[in-house]
Amino acid sequence: MAFDLHVSKRLGDAEIALQLQTGEGVTVLVGPSGAGKTSVLHMVAGLLRPDRGHIRVGGTTLFGESIDVPPERRRAGYVFQESRLFPHLRVAANLRYGAARTAAIDGVADLLDITHLLDRWPRTLSGGEAKRVAIGRALLSDPAFLLLDEPTASLDRARAAEVERAILDIRDRLRLPILMVTHDRAQAERLATQVVEIG
Amino acid sequence: MTPEEWGIVALSLRVGFVATLATLPVAFAIAWLLARGRFPGKILIEAIVYLPLVVPPVVTGWLLLLAFAPGGPLGVLSDGVLFRWTGAAIAAGVMALPLMVRAIRLSIEAVDRRLEGAARTLGAGPWRVFWTITLPLSLPGLLAGTVLGFARSLGEFGATITFVSNVPGQTQTLPLAIYAALQRPDGDAIALRLSALSVAVALAALVASELLARRMRAAMVHGV
């Protein structure tokens with residue numbers, strides 16, 4: 001089993017609750033904004049603590065009774081909605097930040113077509129470029145699974161198609177379980193092995 | 001300019017540098033606590049740290065004197081501090097502390113914590129996040145706070161004269177020397193020269209900090 005989540009969390013007036021169990025491939029979370037999709041990804045990454053429940057990925061318990069693995073040891077490859085590149089580091093240094101093997105940078109840069117961006121500063125990148133760098137940075141941290149938050153939001157159609165191709169490539173070539181959030185139903189249909197409704 | 005006057009400048013700079021450098025780590029630790037900490041009594045710590053900013057400097061100087069006088073809580077240090085340049089540096093550091101804490105605290109609060117979260121998911125533990133993300137991103141404010149603290153140290157008067165008196169060669173920094181000159185019927189010329197010197201030193205510090213800040217902003221934006 002790839003993702004086995006049973007979490008609930010009260011955030012202000014909203015109660016986020018989700019239970020899902022998925023197999024290999026891409027699991028897509030869909031639901032209206034404010035339903036807590038991003039909060040679920042944060043909980044899986046360890047950036048937000050659930051009130052109750054458990055989080056297991058690939059058979060490893062990341063959160064449960066008396067277990068709360070810190071985010072740096074969860075091996076989550078998290079691609080945030082706003083990319084979150086480090087503004088004081090060049091693209092190459094951003095990629096290297098979590099890289100277990102720096103030798104892998106060339107291959108990943110090639111896969112995502114960002115080799116020509118390595119010397120650039122994050123603020124000079126377009127939205128699509130920044131997103132691809134963020135995906136590369138997450139991949140290079142030797143993740144056990146990927147969390148993608150609206151990976152194609154704010155991209156034009158051509159760029160969105162590129163990122164979608166990269167996601168499918170990662171699914172098929174690297175065989176990483178992927179938990180993805182989108183509000184785009186058509187995209188969910190195109191990419192998902194399984195769709196889960198939330199909210 | 002006489003050799004004595006150059007000596008006053010050298011002493012002022014020494015007191016200013018030592019006060020600023022010694023206060024910096026303390027100011028950073030307090031700023032961090034106030035920016036990130038959540039604990040009962042936080043408002044009390046905040047009030048105490050900012051106290052020297054609002055209390056008359058004479059009071060601060062007198063409290064320091066009580067603390068460091070023989071028999072006081074820090075009395076064991078009295079020989080090394082009272083009527084010595086080290087005491088002047090302590091007075092300057094205490095007076096500069098609130099300004100430094102405020103500037104550094106603002107810069108720590110301005111760091112985007114989402115970037116720290118991103119670094120955690122990339123495998124960085126809390127210390128690595130601090131050294132590689134939080135500290136570099138708060139560097140401009142850290143620098144601003146340091147310059148502000150240095151400038152404040154150079155101008156320190158009330159707490160210093162109360163705490164360690166006005167001893168030529170030991171505690172007589174620029175402001176104290178100007179004050180001493182003004183007490184003498186023939187001191188106007190000296191006071192004028194020393195005042196001009198104070199303005200020049202302060203101006204140089206401000207220009208240097210502005211240049212550094214610009215370079216740092218440029219480095220943040222375009223790269224070093």
# chains A, B, ... in the order shown; residues from 1 in each chain; ligands from 1

$ interface_residues --of "chain A" --to "chain B" --cutoff "12 Å" --atoms "only C-alpha atoms" --output "mmCIF file with N, CA and C atoms, in the first residue's frame"
data_model
loop_
_atom_site.group_PDB
_atom_site.id
_atom_site.type_symbol
_atom_site.label_atom_id
_atom_site.label_comp_id
_atom_site.auth_asym_id
_atom_site.auth_seq_id
_atom_site.Cartn_x
_atom_site.Cartn_y
_atom_site.Cartn_z
ATOM 1 N N LEU A 41 -1.510 17.499 2.809
ATOM 2 C CA LEU A 41 -0.130 17.321 2.351
ATOM 3 C C LEU A 41 0.852 17.751 3.452
ATOM 4 N N HIS A 42 0.541 18.857 4.125
ATOM 5 C CA HIS A 42 1.404 19.319 5.214
ATOM 6 C C HIS A 42 1.499 18.273 6.327
ATOM 7 N N MET A 43 0.376 17.627 6.595
ATOM 8 C CA MET A 43 0.398 16.606 7.655
ATOM 9 C C MET A 43 1.258 15.420 7.231
ATOM 10 N N VAL A 44 1.148 15.028 5.964
ATOM 11 C CA VAL A 44 1.951 13.890 5.503
ATOM 12 C C VAL A 44 3.440 14.256 5.529
ATOM 13 N N ALA A 45 3.752 15.520 5.219
ATOM 14 C CA ALA A 45 5.153 15.956 5.201
ATOM 15 C C ALA A 45 5.700 16.191 6.609
ATOM 16 N N GLY A 46 4.802 16.320 7.582
ATOM 17 C CA GLY A 46 5.257 16.554 8.949
ATOM 18 C C GLY A 46 5.307 18.017 9.322
ATOM 19 N N LEU A 47 4.738 18.886 8.485
ATOM 20 C CA LEU A 47 4.768 20.323 8.769
ATOM 21 C C LEU A 47 3.543 20.765 9.575
ATOM 22 N N LEU A 48 2.563 19.851 9.698
ATOM 23 C CA LEU A 48 1.347 20.156 10.459
ATOM 24 C C LEU A 48 0.992 18.885 11.220
ATOM 25 N N VAL A 69 7.457 11.269 13.299
ATOM 26 C CA VAL A 69 8.755 11.406 12.644
ATOM 27 C C VAL A 69 8.939 12.863 12.213
ATOM 28 N N PRO A 70 10.080 13.501 12.566
ATOM 29 C CA PRO A 70 10.276 14.898 12.156
ATOM 30 C C PRO A 70 10.370 15.006 10.625
ATOM 31 N N PRO A 71 9.989 16.164 10.082
ATOM 32 C CA PRO A 71 9.899 16.290 8.623
ATOM 33 C C PRO A 71 11.194 15.929 7.900
ATOM 34 N N GLU A 72 12.347 16.254 8.519
ATOM 35 C CA GLU A 72 13.597 15.991 7.802
ATOM 36 C C GLU A 72 13.908 14.503 7.672
ATOM 37 N N ARG A 73 13.156 13.658 8.404
ATOM 38 C CA ARG A 73 13.425 12.224 8.272
ATOM 39 C C ARG A 73 12.257 11.471 7.637
ATOM 40 N N ARG A 74 11.302 12.222 7.050
ATOM 41 C CA ARG A 74 10.162 11.543 6.437
ATOM 42 C C ARG A 74 10.406 11.193 4.980
ATOM 43 N N ARG A 75 11.434 11.778 4.398
ATOM 44 C CA ARG A 75 11.769 11.560 2.989
ATOM 45 C C ARG A 75 10.586 11.872 2.074
ATOM 46 N N ALA A 76 9.955 13.010 2.341
ATOM 47 C CA ALA A 76 8.872 13.477 1.483
ATOM 48 C C ALA A 76 9.465 14.390 0.418
ATOM 49 N N GLY A 77 9.171 14.134 -0.826
ATOM 50 C CA GLY A 77 9.542 15.082 -1.881
ATOM 51 C C GLY A 77 8.360 16.002 -2.100
ATOM 52 N N TYR A 78 8.397 17.151 -1.434
ATOM 53 C CA TYR A 78 7.225 18.040 -1.426
ATOM 54 C C TYR A 78 7.435 19.181 -2.412
ATOM 55 N N VAL A 79 6.542 19.269 -3.392
ATOM 56 C CA VAL A 79 6.561 20.406 -4.314
ATOM 57 C C VAL A 79 5.407 21.316 -3.929
ATOM 58 N N PHE A 80 5.755 22.457 -3.335
ATOM 59 C CA PHE A 80 4.740 23.360 -2.800
ATOM 60 C C PHE A 80 4.055 24.144 -3.915
ATOM 61 N N GLN A 81 2.873 24.606 -3.597
ATOM 62 C CA GLN A 81 2.125 25.354 -4.621
ATOM 63 C C GLN A 81 2.885 26.598 -5.065
ATOM 64 N N GLU A 82 3.588 27.256 -4.108
ATOM 65 C CA GLU A 82 4.303 28.487 -4.464
ATOM 66 C C GLU A 82 5.789 28.206 -4.688
ATOM 67 N N SER A 83 6.133 26.981 -5.005
ATOM 68 C CA SER A 83 7.506 26.571 -5.329
ATOM 69 C C SER A 83 8.486 26.684 -4.169
ATOM 70 N N ARG A 84 8.465 27.816 -3.454
ATOM 71 C CA ARG A 84 9.324 27.984 -2.273
ATOM 72 C C ARG A 84 10.799 27.739 -2.558
ATOM 73 N N LEU A 85 11.296 28.265 -3.660
ATOM 74 C CA LEU A 85 12.738 28.197 -3.907
ATOM 75 C C LEU A 85 13.420 29.150 -2.934
ATOM 76 N N PHE A 86 14.652 28.826 -2.531
ATOM 77 C CA PHE A 86 15.381 29.688 -1.600
ATOM 78 C C PHE A 86 15.926 30.894 -2.368
ATOM 79 N N PRO A 87 15.501 32.103 -2.006
ATOM 80 C CA PRO A 87 15.824 33.279 -2.840
ATOM 81 C C PRO A 87 17.297 33.648 -2.812
ATOM 82 N N HIS A 88 18.043 33.216 -1.783
ATOM 83 C CA HIS A 88 19.443 33.607 -1.670
ATOM 84 C C HIS A 88 20.376 32.568 -2.275
ATOM 85 N N LEU A 89 19.816 31.560 -2.921
ATOM 86 C CA LEU A 89 20.640 30.515 -3.542
ATOM 87 C C LEU A 89 20.295 30.403 -5.029
ATOM 88 N N ARG A 90 21.345 30.209 -5.839
ATOM 89 C CA ARG A 90 21.094 29.993 -7.259
ATOM 90 C C ARG A 90 20.359 28.680 -7.484
ATOM 91 N N VAL A 91 19.856 28.497 -8.687
ATOM 92 C CA VAL A 91 19.116 27.273 -9.013
ATOM 93 C C VAL A 91 19.940 26.037 -8.672
ATOM 94 N N ALA A 93 22.304 25.622 -6.506
ATOM 95 C CA ALA A 93 22.416 25.439 -5.049
ATOM 96 C C ALA A 93 21.071 25.015 -4.462
ATOM 97 N N ASN A 94 19.972 25.515 -5.030
ATOM 98 C CA ASN A 94 18.660 25.037 -4.606
ATOM 99 C C ASN A 94 18.527 23.538 -4.849
ATOM 100 N N LEU A 95 18.981 23.097 -6.026
ATOM 101 C CA LEU A 95 18.883 21.673 -6.355
ATOM 102 C C LEU A 95 19.750 20.836 -5.426
ATOM 103 N N ARG A 96 20.930 21.401 -5.107
ATOM 104 C CA ARG A 96 21.882 20.667 -4.258
ATOM 105 C C ARG A 96 21.439 20.604 -2.799
ATOM 106 N N TYR A 97 20.522 21.498 -2.399
ATOM 107 C CA TYR A 97 20.244 21.677 -0.970
ATOM 108 C C TYR A 97 19.922 20.364 -0.263
ATOM 109 N N GLY A 98 19.040 19.570 -0.886
ATOM 110 C CA GLY A 98 18.671 18.321 -0.218
ATOM 111 C C GLY A 98 19.251 17.108 -0.909
ATOM 112 N N ALA A 99 20.184 17.353 -1.857
ATOM 113 C CA ALA A 99 20.632 16.262 -2.723
ATOM 114 C C ALA A 99 21.497 15.263 -1.972
ATOM 115 N N ALA A 100 21.086 14.008 -1.989
ATOM 116 C CA ALA A 100 21.880 12.952 -1.368
ATOM 117 C C ALA A 100 23.098 12.668 -2.245
ATOM 118 N N ASP A 119 22.561 28.432 -13.411
ATOM 119 C CA ASP A 119 23.274 29.596 -12.874
ATOM 120 C C ASP A 119 22.346 30.758 -12.539
ATOM 121 N N ARG A 120 21.058 30.582 -12.748
ATOM 122 C CA ARG A 120 20.127 31.693 -12.550
ATOM 123 C C ARG A 120 19.717 31.814 -11.090
ATOM 124 N N TRP A 121 19.183 33.027 -10.751
ATOM 125 C CA TRP A 121 18.613 33.234 -9.418
ATOM 126 C C TRP A 121 17.112 33.004 -9.481
ATOM 127 N N PRO A 122 16.520 32.457 -8.418
ATOM 128 C CA PRO A 122 15.096 32.106 -8.447
ATOM 129 C C PRO A 122 14.192 33.245 -8.919
ATOM 130 N N ARG A 123 14.486 34.477 -8.502
ATOM 131 C CA ARG A 123 13.559 35.561 -8.848
ATOM 132 C C ARG A 123 13.548 35.872 -10.337
ATOM 133 N N THR A 124 14.529 35.356 -11.090
ATOM 134 C CA THR A 124 14.547 35.623 -12.528
ATOM 135 C C THR A 124 13.819 34.524 -13.308
ATOM 136 N N ALA A 134 11.599 23.390 -8.629
ATOM 137 C CA ALA A 134 11.097 22.889 -7.341
ATOM 138 C C ALA A 134 10.878 21.384 -7.402
ATOM 139 N N ILE A 135 10.362 20.891 -8.536
ATOM 140 C CA ILE A 135 10.172 19.442 -8.699
ATOM 141 C C ILE A 135 11.535 18.743 -8.667
ATOM 142 N N GLY A 136 12.512 19.354 -9.371
ATOM 143 C CA GLY A 136 13.849 18.765 -9.405
ATOM 144 C C GLY A 136 14.469 18.722 -8.012
ATOM 145 N N ARG A 137 14.312 19.818 -7.265
ATOM 146 C CA ARG A 137 14.875 19.878 -5.919
ATOM 147 C C ARG A 137 14.270 18.778 -5.039
ATOM 148 N N ALA A 138 12.958 18.576 -5.167
ATOM 149 C CA ALA A 138 12.292 17.545 -4.368
ATOM 150 C C ALA A 138 12.784 16.153 -4.783
ATOM 151 N N LEU A 139 12.912 15.939 -6.093
ATOM 152 C CA LEU A 139 13.350 14.618 -6.577
ATOM 153 C C LEU A 139 14.750 14.294 -6.091
ATOM 154 N N LEU A 140 15.617 15.312 -6.036
ATOM 155 C CA LEU A 140 17.019 15.078 -5.690
ATOM 156 C C LEU A 140 17.226 14.798 -4.206
ATOM 157 N N SER A 141 16.219 15.057 -3.390
ATOM 158 C CA SER A 141 16.388 14.810 -1.954
ATOM 159 C C SER A 141 16.179 13.334 -1.627
ATOM 160 N N ASP A 142 16.184 12.494 -2.652
ATOM 161 C CA ASP A 142 16.056 11.049 -2.470
ATOM 162 C C ASP A 142 14.758 10.708 -1.743
ATOM 163 N N PRO A 143 13.625 11.172 -2.290
ATOM 164 C CA PRO A 143 12.355 10.987 -1.586
ATOM 165 C C PRO A 143 11.838 9.556 -1.701
ATOM 166 N N ALA A 144 11.046 9.164 -0.702
ATOM 167 C CA ALA A 144 10.371 7.876 -0.758
ATOM 168 C C ALA A 144 9.008 8.017 -1.427
ATOM 169 N N PHE A 145 8.531 9.259 -1.493
ATOM 170 C CA PHE A 145 7.232 9.532 -2.138
ATOM 171 C C PHE A 145 7.175 11.014 -2.480
ATOM 172 N N LEU A 146 6.249 11.384 -3.348
ATOM 173 C CA LEU A 146 6.131 12.794 -3.742
ATOM 174 C C LEU A 146 4.794 13.370 -3.299
ATOM 175 N N LEU A 147 4.819 14.630 -2.883
ATOM 176 C CA LEU A 147 3.610 15.389 -2.581
ATOM 177 C C LEU A 147 3.592 16.588 -3.518
#

$ select_by_dssp --residues "segment 81-179 of chain A" --states "helix (DSSP H, G or I)" --output "JSON, numbers by chain"
{"A": [91, 92, 93, 94, 95, 96, 104, 105, 106, 107, 108, 109, 110, 111, 112, 115, 116, 117, 122, 123, 124, 127, 128, 129, 130, 131, 132, 133, 134, 135, 136, 137, 138, 139, 140, 157, 158, 159, 160, 161, 162, 163, 164, 165, 166, 167, 168, 169, 170, 171, 172, 173, 174]}

$ closest_residue --among "A:Leu29, A:Ala130, A:Ala35, A:Leu174" --to "Leu191 of chain A" --atoms "only C-alpha atoms"
A:Leu29

$ atom_distance --atom1 "atom CA of Leu135 of chain B" --atom2 "atom CA of Ile108 of chain B"
8.1 Å

$ residues_around --residues "Val94 of chain B" --least-positions-apart "4" --cutoff "8 Å" --atoms "only C-alpha atoms" --output "list in words"
Thr23, Pro52, Ile90 and Pro98 of chain B

$ residues_around --residues "segment 8-13 of chain B" --least-positions-apart "4" --cutoff "10 Å" --atoms "only C-alpha atoms" --output "list of chain:residue names"
B:Thr2, B:Pro3, B:Glu4, B:Phe17, B:Val18, B:Ala19, B:Trp85, B:Ala88, B:Ala89, B:Phe150, B:Ser153, B:Leu154, B:Gly155, B:Glu156, B:Pro168, B:Gly169, B:Gln170, B:Thr171, B:Gln172, B:Thr173, B:Leu174, B:Pro175, B:Leu176, B:Ala177, B:Leu194, B:Leu197, B:Ser198, B:Val201

$ select_by_dssp --residues "chain A" --states "strand (DSSP E or B)" --output "compact mmCIF listing (two decimals) with N, CA and C atoms, in the first residue's frame"
# COMPACT_ATOMS: atom_id res chain seq x y z
N PHE A 3 -0.18 4.96 0.13
CA PHE A 3 -0.59 5.91 1.17
C PHE A 3 -1.72 5.32 2.00
N ASP A 4 -1.55 5.37 3.30
CA ASP A 4 -2.57 4.90 4.22
C ASP A 4 -2.75 6.00 5.26
N LEU A 5 -3.77 6.84 5.03
CA LEU A 5 -3.96 8.00 5.89
C LEU A 5 -5.30 7.92 6.60
N HIS A 6 -5.27 8.28 7.85
CA HIS A 6 -6.51 8.45 8.59
C HIS A 6 -6.25 9.59 9.57
N VAL A 7 -6.60 10.80 9.18
CA VAL A 7 -6.22 11.96 9.98
C VAL A 7 -7.41 12.88 10.20
N SER A 8 -7.37 13.57 11.32
CA SER A 8 -8.31 14.67 11.52
C SER A 8 -7.61 15.78 12.26
N LYS A 9 -8.04 16.99 11.97
CA LYS A 9 -7.37 18.16 12.52
C LYS A 9 -8.35 19.32 12.53
N ARG A 10 -8.41 19.99 13.67
CA ARG A 10 -9.25 21.19 13.74
C ARG A 10 -8.38 22.40 13.50
N LEU A 11 -8.75 23.20 12.50
CA LEU A 11 -8.02 24.44 12.19
C LEU A 11 -9.02 25.58 12.24
N ALA A 14 -12.74 25.15 11.00
CA ALA A 14 -12.87 24.04 10.05
C ALA A 14 -12.32 22.76 10.66
N GLU A 15 -12.99 21.67 10.32
CA GLU A 15 -12.52 20.35 10.75
C GLU A 15 -12.09 19.60 9.50
N ILE A 16 -10.82 19.24 9.45
CA ILE A 16 -10.33 18.48 8.31
C ILE A 16 -10.29 17.02 8.70
N ALA A 17 -10.92 16.18 7.90
CA ALA A 17 -10.89 14.75 8.19
C ALA A 17 -10.75 14.01 6.88
N LEU A 18 -9.88 13.03 6.88
CA LEU A 18 -9.67 12.28 5.64
C LEU A 18 -9.21 10.88 5.98
N GLN A 19 -9.78 9.95 5.22
CA GLN A 19 -9.31 8.57 5.33
C GLN A 19 -9.10 8.06 3.93
N LEU A 20 -7.90 7.57 3.64
CA LEU A 20 -7.69 6.99 2.31
C LEU A 20 -6.63 5.92 2.37
N GLN A 21 -6.79 4.96 1.46
CA GLN A 21 -5.78 3.91 1.30
C GLN A 21 -5.62 3.70 -0.19
N VAL A 26 -0.47 7.48 -9.04
CA VAL A 26 -0.78 8.84 -8.65
C VAL A 26 -2.14 8.88 -7.97
N THR A 27 -2.16 9.32 -6.74
CA THR A 27 -3.42 9.55 -6.04
C THR A 27 -3.72 11.04 -6.09
N VAL A 28 -4.89 11.39 -6.59
CA VAL A 28 -5.22 12.80 -6.69
C VAL A 28 -6.31 13.14 -5.68
N LEU A 29 -6.04 14.17 -4.88
CA LEU A 29 -7.04 14.70 -3.95
C LEU A 29 -7.76 15.84 -4.64
N VAL A 30 -9.08 15.75 -4.75
CA VAL A 30 -9.84 16.86 -5.31
C VAL A 30 -10.84 17.33 -4.28
N ARG A 52 -5.49 13.66 15.57
CA ARG A 52 -5.68 12.22 15.78
C ARG A 52 -5.37 11.50 14.49
N GLY A 53 -5.15 10.19 14.61
CA GLY A 53 -5.08 9.35 13.43
C GLY A 53 -3.70 8.79 13.19
N HIS A 54 -3.50 8.31 11.95
CA HIS A 54 -2.19 7.79 11.59
C HIS A 54 -1.85 8.14 10.15
N ILE A 55 -0.57 8.15 9.88
CA ILE A 55 -0.07 8.40 8.53
C ILE A 55 0.97 7.33 8.24
N ARG A 56 0.68 6.51 7.24
CA ARG A 56 1.66 5.49 6.83
C ARG A 56 1.90 5.63 5.34
N VAL A 57 3.15 5.55 4.97
CA VAL A 57 3.48 5.61 3.54
C VAL A 57 4.41 4.44 3.23
N THR A 60 5.62 2.35 6.11
CA THR A 60 6.32 2.99 7.22
C THR A 60 5.38 3.96 7.93
N THR A 61 5.33 3.86 9.24
CA THR A 61 4.48 4.77 10.00
C THR A 61 5.23 6.08 10.24
N LEU A 62 4.67 7.18 9.73
CA LEU A 62 5.28 8.50 9.92
C LEU A 62 4.63 9.23 11.10
N PHE A 63 3.36 8.88 11.33
CA PHE A 63 2.65 9.48 12.46
C PHE A 63 1.68 8.45 12.99
N GLY A 64 1.62 8.34 14.28
CA GLY A 64 0.68 7.42 14.89
C GLY A 64 0.81 7.52 16.38
N ILE A 67 4.24 8.04 17.81
CA ILE A 67 5.22 8.19 16.74
C ILE A 67 4.95 9.52 16.03
N ASP A 68 5.98 10.35 15.88
CA ASP A 68 5.84 11.56 15.08
C ASP A 68 7.20 11.84 14.47
N ALA A 76 9.95 13.01 2.34
CA ALA A 76 8.87 13.48 1.48
C ALA A 76 9.46 14.39 0.42
N GLY A 77 9.17 14.13 -0.83
CA GLY A 77 9.54 15.08 -1.88
C GLY A 77 8.36 16.00 -2.10
N TYR A 78 8.40 17.15 -1.43
CA TYR A 78 7.22 18.04 -1.43
C TYR A 78 7.43 19.18 -2.41
N VAL A 79 6.54 19.27 -3.39
CA VAL A 79 6.56 20.41 -4.31
C VAL A 79 5.41 21.32 -3.93
N PHE A 145 8.53 9.26 -1.49
CA PHE A 145 7.23 9.53 -2.14
C PHE A 145 7.17 11.01 -2.48
N LEU A 146 6.25 11.38 -3.35
CA LEU A 146 6.13 12.79 -3.74
C LEU A 146 4.79 13.37 -3.30
N LEU A 147 4.82 14.63 -2.88
CA LEU A 147 3.61 15.39 -2.58
C LEU A 147 3.59 16.59 -3.52
N LEU A 148 2.56 16.68 -4.34
CA LEU A 148 2.50 17.77 -5.32
C LEU A 148 1.26 18.61 -5.04
N ASP A 149 1.45 19.90 -4.79
CA ASP A 149 0.32 20.78 -4.49
C ASP A 149 0.05 21.68 -5.69
N ILE A 178 2.83 8.95 -5.62
CA ILE A 178 2.60 10.40 -5.68
C ILE A 178 1.23 10.72 -5.10
N LEU A 179 1.21 11.69 -4.19
CA LEU A 179 -0.06 12.22 -3.67
C LEU A 179 -0.16 13.66 -4.15
N MET A 180 -1.21 13.94 -4.90
CA MET A 180 -1.27 15.23 -5.60
C MET A 180 -2.59 15.92 -5.32
N VAL A 181 -2.52 17.23 -5.20
CA VAL A 181 -3.73 18.03 -5.00
C VAL A 181 -3.98 18.87 -6.24
N GLN A 194 -5.94 6.99 -9.01
CA GLN A 194 -7.07 6.96 -8.09
C GLN A 194 -7.41 8.39 -7.70
N VAL A 195 -8.71 8.69 -7.66
CA VAL A 195 -9.14 10.04 -7.27
C VAL A 195 -9.86 9.94 -5.92
N VAL A 196 -9.48 10.85 -5.01
CA VAL A 196 -10.13 10.85 -3.71
C VAL A 196 -10.77 12.22 -3.50
N GLU A 197 -12.04 12.23 -3.13
CA GLU A 197 -12.74 13.49 -2.86
C GLU A 197 -12.54 13.88 -1.40

$ closest_residue --among "B:Met100, B:Ala91, B:Leu63, B:Ala47" --to "Ala31 of chain B" --atoms "only C-alpha atoms"
B:Met100

$ closest_residue --among "A:Leu176, A:Ala92, A:Ala188, A:Val163" --to "Leu112 of chain A" --atoms "only C-alpha atoms"
A:Val163
